[in-house]
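Chemist: Dropping in structure-v6.txt, with compact mmCIF, C-alpha atoms.
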# COMPACT_ATOMS: atom_id res chain seq x y z
CA ARG A 30 -12.84 3.90 -14.48
CA LYS A 31 -10.25 3.24 -11.80
CA GLU A 32 -11.54 2.27 -8.36
CA VAL A 33 -9.47 4.96 -6.65
CA GLU A 34 -8.18 8.06 -8.42
CA GLN A 35 -5.75 10.74 -7.35
CA ASP A 36 -4.20 13.77 -9.02
CA PRO A 37 -0.58 12.66 -9.48
CA GLY A 38 0.74 16.20 -9.01
CA PRO A 39 3.32 17.30 -8.24
CA PHE A 40 1.90 19.92 -5.91
CA ASN A 41 4.68 22.45 -5.43
CA VAL A 42 4.10 24.04 -2.03
CA PRO A 43 6.02 26.90 -0.41
CA GLU A 44 7.23 26.05 3.07
CA GLY A 45 4.65 27.17 5.61
CA ALA A 46 1.75 27.11 3.15
CA THR A 47 -1.35 24.94 3.21
CA VAL A 48 -1.98 22.27 0.62
CA ALA A 49 -5.01 20.08 0.10
CA PHE A 50 -5.81 17.33 -2.33
CA ASN A 51 -8.53 14.80 -2.90
CA CYS A 52 -8.97 11.17 -3.72
CA THR A 53 -12.13 9.91 -5.42
CA TYR A 54 -13.48 6.39 -5.28
CA SER A 55 -16.04 4.59 -7.39
CA ASN A 56 -17.37 1.82 -5.14
CA SER A 57 -20.03 3.07 -2.76
CA ALA A 58 -19.52 -0.07 -0.66
CA SER A 59 -16.11 1.23 0.44
CA GLN A 60 -16.11 1.22 4.20
CA SER A 61 -12.75 2.29 5.54
CA PHE A 62 -10.37 4.90 4.26
CA PHE A 63 -6.74 5.71 4.89
CA TRP A 64 -3.98 8.07 3.93
CA TYR A 65 -0.50 6.60 3.57
CA ARG A 66 2.71 8.51 3.08
CA GLN A 67 5.42 7.06 0.88
CA ASP A 68 8.92 8.47 0.64
CA CYS A 69 11.01 7.82 -2.45
CA ARG A 70 11.97 4.15 -2.72
CA LYS A 71 10.46 3.34 0.68
CA GLU A 72 7.37 1.48 1.83
CA PRO A 73 4.02 3.19 2.46
CA LYS A 74 3.52 4.25 6.05
CA LEU A 75 0.11 4.81 7.57
CA LEU A 76 -0.44 8.52 8.06
CA MET A 77 -3.98 8.44 9.32
CA SER A 78 -7.31 6.72 9.08
CA VAL A 79 -10.20 8.80 7.78
CA TYR A 80 -13.36 8.87 9.83
CA SER A 81 -16.82 9.92 8.73
CA SER A 82 -16.79 12.94 11.02
CA GLY A 83 -13.38 14.04 9.81
CA ASN A 84 -10.27 13.88 11.91
CA GLU A 85 -7.17 15.84 12.63
CA ASP A 86 -3.67 14.81 13.63
CA GLY A 87 -1.47 17.78 14.24
CA ARG A 88 -1.05 19.66 10.97
CA PHE A 89 -2.95 17.01 9.01
CA THR A 90 -6.71 16.98 8.54
CA ALA A 91 -8.62 14.27 6.73
CA GLN A 92 -12.21 14.46 5.56
CA LEU A 93 -14.62 11.95 4.05
CA ASN A 94 -17.49 12.90 1.78
CA ARG A 95 -19.56 9.78 1.18
CA ALA A 96 -22.19 11.56 -0.90
CA SER A 97 -19.61 12.69 -3.45
CA GLN A 98 -17.36 9.69 -2.86
CA TYR A 99 -14.10 11.35 -2.08
CA ILE A 100 -11.67 11.80 0.77
CA SER A 101 -9.34 14.72 1.26
CA LEU A 102 -6.10 15.49 3.04
CA LEU A 103 -5.08 18.97 4.12
CA ILE A 104 -1.60 19.80 5.35
CA ARG A 105 -1.15 23.07 7.21
CA ASP A 106 2.14 24.89 7.79
CA SER A 107 3.95 22.62 5.34
CA LYS A 108 7.44 21.48 6.28
CA LEU A 109 10.22 20.45 3.93
CA SER A 110 9.91 16.99 5.47
CA ASP A 111 6.32 16.73 4.23
CA SER A 112 7.65 16.20 0.71
CA ALA A 113 6.47 12.73 -0.23
CA THR A 114 3.86 10.85 -2.19
CA TYR A 115 0.52 10.58 -0.44
CA LEU A 116 -1.47 7.46 -1.22
CA CYS A 117 -5.11 7.08 -0.42
CA ALA A 118 -6.44 3.61 0.24
CA LEU A 119 -9.77 2.06 0.99
CA VAL A 120 -11.14 -1.21 2.24
CA ILE A 121 -14.29 -2.99 1.19
CA LYS A 122 -14.88 -5.54 3.93
CA ALA A 123 -16.87 -7.82 1.65
CA ALA A 124 -13.76 -7.99 -0.53
CA GLY A 125 -11.67 -9.41 2.29
CA ASN A 126 -10.08 -6.35 3.86
CA LYS A 127 -7.61 -5.87 1.03
CA LEU A 128 -6.36 -2.33 0.57
CA THR A 129 -7.14 -0.71 -2.77
CA PHE A 130 -4.78 2.19 -3.45
CA GLY A 131 -4.85 5.23 -5.60
CA GLY A 132 -1.84 6.11 -7.71
CA GLY A 133 -0.63 8.71 -5.23
CA THR A 134 -0.26 12.47 -5.14
CA ARG A 135 3.27 13.84 -5.08
CA VAL A 136 3.87 16.84 -2.85
CA LEU A 137 7.07 18.90 -3.01
CA VAL A 138 7.57 21.47 -0.29
CA LYS A 139 10.13 24.10 -1.25
CA PRO A 140 11.93 26.72 0.86
CA GLU B 2 9.66 0.55 12.41
CA THR B 3 6.72 -1.75 11.77
CA GLY B 4 8.42 -5.00 12.71
CA VAL B 5 7.71 -6.43 9.26
CA THR B 6 10.86 -7.57 7.50
CA GLN B 7 11.41 -8.66 3.92
CA SER B 8 14.26 -10.30 2.07
CA PRO B 9 16.08 -9.78 -0.11
CA THR B 10 16.03 -5.98 -0.41
CA HIS B 11 17.01 -6.02 -4.07
CA LEU B 12 17.05 -8.69 -6.74
CA ILE B 13 17.94 -8.86 -10.42
CA LYS B 14 16.59 -11.71 -12.52
CA THR B 15 16.25 -12.46 -16.20
CA ARG B 16 13.08 -13.12 -18.12
CA GLY B 17 11.79 -16.68 -17.65
CA GLN B 18 13.45 -17.23 -14.30
CA GLN B 19 11.69 -17.88 -11.01
CA VAL B 20 11.95 -15.85 -7.82
CA THR B 21 11.02 -16.32 -4.16
CA LEU B 22 10.52 -13.33 -1.89
CA ARG B 23 10.19 -13.64 1.88
CA CYS B 24 8.35 -11.78 4.58
CA SER B 25 8.33 -12.01 8.35
CA SER B 26 5.26 -10.45 9.85
CA GLN B 27 5.03 -8.36 12.95
CA SER B 28 4.74 -10.37 16.16
CA GLY B 29 1.12 -11.34 16.79
CA HIS B 30 0.02 -10.61 13.24
CA ASN B 31 -1.57 -13.64 11.59
CA THR B 32 -2.63 -12.16 8.26
CA VAL B 33 -0.15 -11.34 5.53
CA SER B 34 -0.88 -9.57 2.27
CA TRP B 35 1.36 -9.06 -0.74
CA TYR B 36 1.28 -6.06 -3.06
CA GLN B 37 3.07 -5.17 -6.27
CA GLN B 38 3.98 -1.53 -6.84
CA ALA B 39 5.20 -0.59 -10.30
CA LEU B 40 7.11 2.65 -10.72
CA GLY B 41 4.84 5.68 -10.46
CA GLN B 42 1.79 3.68 -9.44
CA GLY B 43 0.04 2.72 -6.24
CA PRO B 44 0.43 -0.75 -4.75
CA GLN B 45 -1.75 -3.44 -6.32
CA PHE B 46 -3.08 -6.30 -4.19
CA ILE B 47 -1.71 -9.71 -5.19
CA PHE B 48 -3.11 -12.01 -2.48
CA GLN B 49 -3.36 -12.52 1.24
CA TYR B 50 -2.86 -15.42 3.62
CA TYR B 51 -4.53 -16.24 6.89
CA ARG B 52 -3.81 -19.39 8.87
CA GLU B 53 -1.63 -20.72 6.05
CA GLU B 54 -4.46 -20.50 3.51
CA GLU B 55 -4.87 -18.04 0.67
CA ASN B 56 -8.09 -16.17 1.39
CA GLY B 57 -8.15 -13.41 -1.17
CA ARG B 58 -6.53 -12.78 -4.52
CA GLY B 59 -6.19 -9.83 -6.83
CA ASN B 60 -6.00 -9.79 -10.60
CA PHE B 61 -2.70 -11.64 -10.95
CA PRO B 62 -2.01 -14.78 -13.00
CA PRO B 63 -1.40 -18.20 -11.40
CA ARG B 64 2.34 -17.87 -11.88
CA PHE B 65 2.14 -15.66 -8.79
CA SER B 66 1.81 -18.01 -5.83
CA GLY B 67 2.48 -17.93 -2.15
CA LEU B 68 2.81 -19.72 1.13
CA GLN B 69 2.27 -18.89 4.76
CA PHE B 70 4.06 -20.82 7.47
CA PRO B 71 2.92 -21.71 11.01
CA ASN B 72 4.93 -18.78 12.39
CA TYR B 73 2.91 -16.51 10.02
CA SER B 74 5.91 -15.69 7.85
CA SER B 75 5.20 -15.83 4.14
CA GLU B 76 6.71 -16.32 0.72
CA LEU B 77 5.77 -14.93 -2.66
CA ASN B 78 6.83 -17.01 -5.65
CA VAL B 79 6.77 -15.77 -9.20
CA ASN B 80 7.43 -18.17 -12.05
CA ALA B 81 8.31 -17.43 -15.66
CA LEU B 82 9.30 -13.85 -14.91
CA GLU B 83 8.32 -11.18 -17.40
CA LEU B 84 9.81 -7.73 -17.87
CA ASP B 85 6.62 -6.18 -16.48
CA ASP B 86 7.15 -8.01 -13.19
CA SER B 87 9.83 -5.44 -12.38
CA ALA B 88 8.42 -3.65 -9.35
CA LEU B 89 8.60 -3.12 -5.62
CA TYR B 90 6.98 -6.07 -3.85
CA LEU B 91 5.50 -5.17 -0.50
CA CYS B 92 4.38 -7.41 2.28
CA ALA B 93 1.90 -6.14 4.86
CA SER B 94 0.77 -7.79 8.06
CA ARG B 95 -2.12 -7.18 10.40
CA SER B 96 -3.60 -8.69 13.50
CA ARG B 97 -6.98 -10.32 13.82
CA ALA B 98 -7.96 -7.67 16.34
CA ALA B 99 -7.18 -4.78 14.01
CA GLN B 100 -8.10 -6.14 10.63
CA GLU B 101 -8.02 -2.87 8.77
CA THR B 102 -4.66 -1.54 9.92
CA GLN B 103 -1.90 -2.97 7.80
CA TYR B 104 1.80 -2.47 8.39
CA PHE B 105 4.14 -2.67 5.46
CA GLY B 106 7.62 -4.08 5.29
CA PRO B 107 10.40 -2.23 3.46
CA GLY B 108 9.77 -4.17 0.26
CA THR B 109 11.85 -6.11 -2.23
CA ARG B 110 12.82 -4.29 -5.38
CA LEU B 111 12.82 -6.76 -8.29
CA LEU B 112 14.33 -5.95 -11.66
CA VAL B 113 13.70 -8.35 -14.53
CA LEU B 114 16.05 -8.01 -17.49
As structure tokens, how would this structure be written, given the file I've shared?

Modeler:
Amino acid sequence: RKEVEQDPGPFNVPEGATVAFNCTYSNSASQSFFWYRQDCRKEPKLLMSVYSSGNEDGRFTAQLNRASQYISLLIRDSKLSDSATYLCALVIKAAGNKLTFGGGTRVLVKP
Amino acid sequence: ETGVTQSPTHLIKTRGQQVTLRCSSQSGHNTVSWYQQALGQGPQFIFQYYREEENGRGNFPPRFSGLQFPNYSSELNVNALELDDSALYLCASRSRAAQETQYFGPGTRLLVL
């Protein structure tokens, strides 16, 4: 079983709609969680950290469910510019703060 | 922009050759990590350097090696290139004060023929 798993998509989303997707992890010792956005042929860019209480940044909301070992990302009022691959990542401090990534979820926002 | 730079941006090599990729970390960042991202996959951790010492390594063979210099810049060396080494190689830096927040450079796209 992979350490971090994501639905590869693509999620085809009408402009203005809401889309949500999850990322599951297998190691209960995972301590920190992140969502990165990656545009085609570019580097990953940190979108947001994911806190235990959940957090929101504009149209983006991230949630963490430790009991079921998954994190989620919700995008409201999708824009064409939200089209990208969304990578979840986690850190296990005992493993030296390396980021372990999922394979990414591709989101395509269409007019 | 993250302030992390990498060179070269693109590279074509043939099987069996050796390659050196370079990374300059963001000012004040003393920890550098390298990742390999194959097409359609997430980045995979290769290793990281702190104070010029390797202090963490992923599941990569010894032909993947690295260096960190006193100015915190870093090199990734890959010997005996294989076709499967074709990937985007990403460098990420972070500061001691914010250990969990890593900033990626634009990457080097390596094609092995």

Chemist: Between CA of Gln38 (chain B) and CA of Asn56 (chain B), what is the spacing in Å?

Modeler: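 Going from CA of Asn56 (chain B) over to CA of Gln38 (chain B) covers 20.7 Å.
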
Chemist: Do you know which residues are at most 6 Å from Leu103 (chain A) counting all atoms listed in the file, after dropping those on the same chain fewer than 5 positions away, and could you put them as a PyMOL selection string?

Modeler: chain A and resi 48-49+89-90

Chemist: Nearest to chain B among A:Pro140, A:Pro37, A:Gly83, A:Gly45, with distances taken over all atoms listed in the file: which residue is it?

Modeler: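 Counting all atoms listed in the file, the residue closest to chain B is A:Pro37.
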
Chemist: List as number ranges by chain the protein and nucleic acid residues near Cys117 (chain A), meaning an atom at most 9 Å away when all atoms listed in the file are counted, but skip any in the same chain fewer than 5 places from it.

Modeler: A: 33-35, 51-52, 62-66, 100-101, 129-134; B: 43

Chemist: Hey, can you check how far CA of Ser59 (chain A) sits from CA of Tyr115 (chain A)?

Modeler: 19.1 Å

Chemist: Can you check which residues of chain A have any atom within 8 Å of chain B? Use only C-alpha atoms and format it as a ChimeraX atom specification.

Modeler: /A:61,71-75,116,120,124-133

Chemist: Figure out the distance between CA of Asn84 (chain A) and CA of Ala58 (chain A), please, to one decimal in Å.

Modeler: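 Computed distance, CA of Ala58 (chain A) to CA of Asn84 (chain A), equals 20.9 Å.
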
Chemist: Measuring between only C-alpha atoms, which one of A:Ala113, A:Leu137, A:Ala123, A:Ile104 shows the shortest distance to Arg88 (chain A)?

Modeler: A:Ile104

Chemist: For a cut-off of 9 Å around (-18.3, 0.9, -11.5), file coordinates, pick out all residues using all atoms listed in the file and list them as a ChimeraX atom specification.

Modeler: /A:30-32,55-56

Chemist: I'd like to know which of A:Thr53, A:Asp68, A:Arg135, A:Asp111 is closest to Gln92 (chain A), using all atoms listed in the file.

Modeler: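 That would be A:Thr53, the residue with the smallest distance to Gln92 (chain A).
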
Chemist: Box along x, y and z, 3 Å on every side, all listed atoms of region 98-103 of chain A inside: centre and edge lengths in Å to one decimal, as AutoDock Vina command-line options.

Modeler:
--center_x -11.2 --center_y 14.3 --center_z 0.6 --size_x 18.3 --size_y 15.3 --size_z 13.0

Chemist: Tell me which protein, DNA and RNA residues are within 6 Å of region 18-30 of chain B, counting all atoms listed in the file, leaving out same-chain ones fewer than 4 positions away, and put them as a PDB file with C-alpha atoms, in the frame of the given file.

Modeler:
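See out_39.pdb below for the written result:
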ATOM      1  CA  GLY B   4       8.420  -5.000  12.710  1.00  0.00           C
ATOM      2  CA  VAL B   5       7.710  -6.430   9.260  1.00  0.00           C
ATOM      3  CA  THR B   6      10.860  -7.570   7.500  1.00  0.00           C
ATOM      4  CA  GLN B   7      11.410  -8.660   3.920  1.00  0.00           C
ATOM      5  CA  SER B   8      14.260 -10.300   2.070  1.00  0.00           C
ATOM      6  CA  SER B  74       5.910 -15.690   7.850  1.00  0.00           C
ATOM      7  CA  SER B  75       5.200 -15.830   4.140  1.00  0.00           C
ATOM      8  CA  GLU B  76       6.710 -16.320   0.720  1.00  0.00           C
ATOM      9  CA  LEU B  77       5.770 -14.930  -2.660  1.00  0.00           C
ATOM     10  CA  ASN B  78       6.830 -17.010  -5.650  1.00  0.00           C
ATOM     11  CA  VAL B  79       6.770 -15.770  -9.200  1.00  0.00           C
ATOM     12  CA  ASN B  80       7.430 -18.170 -12.050  1.00  0.00           C
ATOM     13  CA  ALA B  81       8.310 -17.430 -15.660  1.00  0.00           C
ATOM     14  CA  LEU B  82       9.300 -13.850 -14.910  1.00  0.00           C
ATOM     15  CA  SER B  94       0.770  -7.790   8.060  1.00  0.00           C
ATOM     16  CA  ARG B  95      -2.120  -7.180  10.400  1.00  0.00           C
ATOM     17  CA  SER B  96      -3.600  -8.690  13.500  1.00  0.00           C
TER      18      SER B  96
END

Chemist: Name the closest residue to Gln60 (chain A) among the candidates A:Val42, A:Val136, A:Arg95, A:Ser107; distances are taken between atoms, counting all atoms listed in the file.

Modeler: A:Arg95

Chemist: For Lys108 (chain A), which residue out of A:Lys139, A:Asn41, A:Phe50, A:Arg70 is the nearest one, using all atoms listed in the file?

Modeler: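 Residue with the minimum atom-to-atom distance to Lys108 (chain A): A:Lys139.
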
Chemist: What would region 125-136 of chain A look like with all heavy atoms in place, written as a compact mmCIF listing (two decimals), in the coordinates of the input?

Modeler:
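Generated file (out-v4.txt):
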# COMPACT_ATOMS: atom_id res chain seq x y z
N GLY A 125 -12.72 -8.74 1.54
CA GLY A 125 -11.67 -9.41 2.29
C GLY A 125 -10.63 -8.52 2.92
O GLY A 125 -9.53 -8.95 3.20
N ASN A 126 -10.99 -7.27 3.17
CA ASN A 126 -10.08 -6.35 3.86
C ASN A 126 -8.82 -6.02 3.09
O ASN A 126 -7.85 -5.54 3.68
CB ASN A 126 -9.70 -6.89 5.26
CG ASN A 126 -10.81 -6.66 6.27
OD1 ASN A 126 -11.46 -5.62 6.25
ND2 ASN A 126 -11.03 -7.61 7.13
N LYS A 127 -8.78 -6.29 1.81
CA LYS A 127 -7.61 -5.87 1.03
C LYS A 127 -7.65 -4.35 0.88
O LYS A 127 -8.71 -3.72 0.85
CB LYS A 127 -7.61 -6.51 -0.35
CG LYS A 127 -8.72 -6.01 -1.25
CD LYS A 127 -8.56 -6.51 -2.68
CE LYS A 127 -9.61 -5.87 -3.57
NZ LYS A 127 -9.45 -6.24 -4.98
N LEU A 128 -6.47 -3.77 0.82
CA LEU A 128 -6.36 -2.33 0.57
C LEU A 128 -6.34 -2.08 -0.93
O LEU A 128 -5.59 -2.72 -1.66
CB LEU A 128 -5.08 -1.78 1.18
CG LEU A 128 -5.05 -1.58 2.70
CD1 LEU A 128 -3.62 -1.31 3.15
CD2 LEU A 128 -5.95 -0.45 3.11
N THR A 129 -7.17 -1.15 -1.37
CA THR A 129 -7.14 -0.71 -2.77
C THR A 129 -6.59 0.71 -2.77
O THR A 129 -7.15 1.60 -2.11
CB THR A 129 -8.53 -0.75 -3.39
OG1 THR A 129 -9.02 -2.09 -3.35
CG2 THR A 129 -8.49 -0.29 -4.84
N PHE A 130 -5.49 0.91 -3.48
CA PHE A 130 -4.78 2.19 -3.45
C PHE A 130 -5.05 3.03 -4.68
O PHE A 130 -5.29 2.51 -5.78
CB PHE A 130 -3.27 1.94 -3.40
CG PHE A 130 -2.75 1.50 -2.06
CD1 PHE A 130 -2.70 0.16 -1.73
CD2 PHE A 130 -2.29 2.43 -1.14
CE1 PHE A 130 -2.21 -0.25 -0.51
CE2 PHE A 130 -1.79 2.02 0.09
CZ PHE A 130 -1.75 0.68 0.40
N GLY A 131 -4.95 4.33 -4.48
CA GLY A 131 -4.85 5.23 -5.60
C GLY A 131 -3.41 5.28 -6.08
O GLY A 131 -2.52 4.66 -5.48
N GLY A 132 -3.19 6.04 -7.14
CA GLY A 132 -1.84 6.11 -7.71
C GLY A 132 -0.91 7.06 -6.96
O GLY A 132 0.29 7.08 -7.23
N GLY A 133 -1.48 7.82 -6.03
CA GLY A 133 -0.63 8.71 -5.23
C GLY A 133 -0.60 10.13 -5.75
O GLY A 133 -0.72 10.37 -6.96
N THR A 134 -0.44 11.05 -4.82
CA THR A 134 -0.26 12.47 -5.14
C THR A 134 1.10 12.89 -4.61
O THR A 134 1.38 12.73 -3.42
CB THR A 134 -1.35 13.34 -4.48
OG1 THR A 134 -2.62 13.03 -5.06
CG2 THR A 134 -1.05 14.83 -4.69
N ARG A 135 1.91 13.43 -5.50
CA ARG A 135 3.27 13.84 -5.08
C ARG A 135 3.23 15.28 -4.60
O ARG A 135 2.68 16.15 -5.28
CB ARG A 135 4.23 13.69 -6.25
CG ARG A 135 5.67 13.83 -5.84
CD ARG A 135 6.58 13.39 -6.97
NE ARG A 135 7.96 13.70 -6.63
CZ ARG A 135 8.88 14.07 -7.51
NH1 ARG A 135 8.57 14.17 -8.78
NH2 ARG A 135 10.10 14.31 -7.12
N VAL A 136 3.80 15.51 -3.44
CA VAL A 136 3.87 16.84 -2.85
C VAL A 136 5.34 17.21 -2.67
O VAL A 136 6.12 16.43 -2.10
CB VAL A 136 3.14 16.87 -1.49
CG1 VAL A 136 3.38 18.20 -0.79
CG2 VAL A 136 1.64 16.62 -1.68
